[in-house]
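See below for the structure under consideration.
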Amino acid sequence: MSGGATKIYTRTGDRGETGLPGGRRVRKDCPEIQALGDIDELNSVIGMVLANDLPEDVKDSLTEIQHRLFDLGAELSNPRLNRVHSDMVTYLEERIDTLTENLPALKSFILPNGGSAASVCHLARAVCRRAERSVVELSQHQTVSPDIQVYLNRLSDFLFVSCRMLSASSDHPETPWPDKPT
């Protein structure tokens, strides 16, 4: 930018509405904005995961995912864009398979802990599930590409496997639940 900074505040949202592409105005509490906000929060929490020392392959995958979440948000705000595709789901499935190869078999539920990076990744997984629920709710009000719902579902799986891998690569082993037979 040349000639000074662009003002961040516009005052156009002061009455509880916000603008979408094409000039459309919607209430800030509508399902579309809820879904977009949850996707934004998910992307921010993934940024928190990336603030940790991570194995390079996980770091690269999470950075790629952040870009794809921007594509997903763009398509949610303008469904004509068609930016989310099945190859994005395939990418996640391949990453899940690769990470899972190096993990012990899962024999019980695990508690959401396992060191700083794994714990924040568990938070990202939980936010991803909420974003998925928001998109399902939005799909009751407008057309949403099925690829978006599938992507978010697979992304939560990827984040879970990443949590396990981050825990395994740290000094904080997974905590099974229940930790004692009942």
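Convention: chains lettered A, B, ... in structure tokens order; per-chain residue numbering from 1; ligands numbered from 1 as shown.
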Show which residues sit within 10 Å of Asp53 of chain A, as a PyMOL selection string. Count only C-alpha atoms, and ignore same-chain residues fewer than 4 positions away.
chain A and resi 49+59+116-117+166
Selection file, C-alpha atoms, as a PDB file, in the first residue's frame:
```pdb
ATOM      1  CA  VAL A  49      -0.680 -24.708  16.893  1.00  0.00           C
ATOM      2  CA  LYS A  59       3.750 -27.597   9.928  1.00  0.00           C
ATOM      3  CA  SER A 116       1.380 -27.644  24.543  1.00  0.00           C
ATOM      4  CA  ALA A 117       1.224 -28.269  20.788  1.00  0.00           C
ATOM      5  CA  LEU A 166       2.395 -34.312  18.457  1.00  0.00           C
TER       6      LEU A 166
END
```
Excluding same-chain residues fewer than 3 positions from Pro79 of chain A, what lies within 8 Å of it counting only C-alpha atoms, as a PyMOL selection string?
chain A and resi 74-76+82+143-145
Please extract the residues of chain A with a backbone DSSP assignment of strand (DSSP E) and present them as a PyMOL selection string.
chain A and resi 17-19+25-27+109-110+176-177
Among listed residues A:Ala105, A:Ile96, A:Ala168, A:Leu69, nearest Tyr151 of chain A (using only C-alpha atoms)
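Of all the options, A:Leu69 lies closest to Tyr151 of chain A.
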Point out the residue among A:His141, A:Arg80, A:His172, A:His85 with the least atom-to-atom distance to Gly22 of chain A, counting only C-alpha atoms.
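Checking each of A:His141, A:Arg80, A:His172, A:His85 against Gly22 of chain A, counting only C-alpha atoms, the winner is A:Arg80.
The nearest approach to Leu42 of chain A among the residues A:Asp157, A:Glu137, A:Asp147, A:Glu132, with only C-alpha atoms taken into account, belongs to A:Glu132.
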As JSON, numbers by chain, please: the residues near Val161 of chain A (cut-off 9 Å, only C-alpha atoms, same-chain neighbours under 2 positions excluded).
{"A": [96, 99, 100, 103, 156, 157, 158, 159, 163, 164, 165, 166]}
Run DSSP on the backbone of this structure and report the residues of segment 25-176 of chain A it assigns to helix (DSSP H, G or I), as a PyMOL selection string.
chain A and resi 31-50+56-77+79-81+86-101+116-138+146-168
What does the distance from atom CA of Gln140 of chain A to atom CA of Val84 of chain A come to in Å, to one decimal?
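Going from atom CA of Gln140 of chain A over to atom CA of Val84 of chain A, I get 19.0 Å.
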What's the 9 Å shell around Thr175 of chain A, counting only C-alpha atoms, without same-chain residues fewer than 4 positions away, as a ChimeraX atom specification?
/A:109-114,179
Would you export the selected residues with all heavy atoms as a short mmCIF file (atom, residue, chain, number, x, y, z; two decimals), in the first residue's frame, please?
```cif
data_model
loop_
_atom_site.label_atom_id
_atom_site.label_comp_id
_atom_site.auth_asym_id
_atom_site.auth_seq_id
_atom_site.Cartn_x
_atom_site.Cartn_y
_atom_site.Cartn_z
N PHE A 109 -10.47 -44.15 24.30
CA PHE A 109 -10.49 -42.71 24.11
C PHE A 109 -9.25 -42.13 24.78
O PHE A 109 -8.68 -42.75 25.69
CB PHE A 109 -11.74 -42.10 24.75
CG PHE A 109 -13.01 -42.41 24.01
CD1 PHE A 109 -13.90 -43.34 24.51
CD2 PHE A 109 -13.31 -41.77 22.82
CE1 PHE A 109 -15.08 -43.64 23.84
CE2 PHE A 109 -14.47 -42.05 22.14
CZ PHE A 109 -15.36 -42.99 22.65
N ILE A 110 -8.84 -40.95 24.34
CA ILE A 110 -7.73 -40.27 24.99
C ILE A 110 -8.21 -38.90 25.45
O ILE A 110 -9.08 -38.29 24.83
CB ILE A 110 -6.49 -40.14 24.08
CG1 ILE A 110 -6.82 -39.38 22.79
CG2 ILE A 110 -5.89 -41.49 23.79
CD1 ILE A 110 -5.61 -39.00 21.98
N LEU A 111 -7.63 -38.45 26.56
CA LEU A 111 -7.96 -37.12 27.06
C LEU A 111 -7.27 -36.07 26.19
O LEU A 111 -6.17 -36.32 25.68
CB LEU A 111 -7.52 -36.99 28.51
CG LEU A 111 -8.17 -37.95 29.50
CD1 LEU A 111 -7.64 -37.70 30.91
CD2 LEU A 111 -9.68 -37.83 29.47
N PRO A 112 -7.91 -34.91 26.04
CA PRO A 112 -7.29 -33.86 25.21
C PRO A 112 -6.15 -33.16 25.95
O PRO A 112 -6.32 -32.11 26.56
CB PRO A 112 -8.46 -32.91 24.91
CG PRO A 112 -9.43 -33.14 26.02
CD PRO A 112 -9.25 -34.56 26.47
N ASN A 113 -5.00 -33.77 25.92
CA ASN A 113 -3.79 -33.19 26.49
C ASN A 113 -2.60 -33.71 25.69
O ASN A 113 -2.77 -34.06 24.54
CB ASN A 113 -3.67 -33.53 27.99
CG ASN A 113 -3.62 -35.02 28.27
OD1 ASN A 113 -3.24 -35.82 27.42
ND2 ASN A 113 -4.01 -35.40 29.48
N GLY A 114 -1.42 -33.76 26.26
CA GLY A 114 -0.27 -34.30 25.54
C GLY A 114 0.77 -33.26 25.20
O GLY A 114 1.43 -33.36 24.18
N ASP A 179 -8.55 -44.32 32.57
CA ASP A 179 -7.17 -44.71 32.82
C ASP A 179 -7.08 -45.95 33.70
O ASP A 179 -6.04 -46.56 33.82
CB ASP A 179 -6.35 -43.56 33.42
CG ASP A 179 -6.92 -43.07 34.73
OD1 ASP A 179 -8.07 -43.43 35.07
OD2 ASP A 179 -6.22 -42.31 35.42
#
```
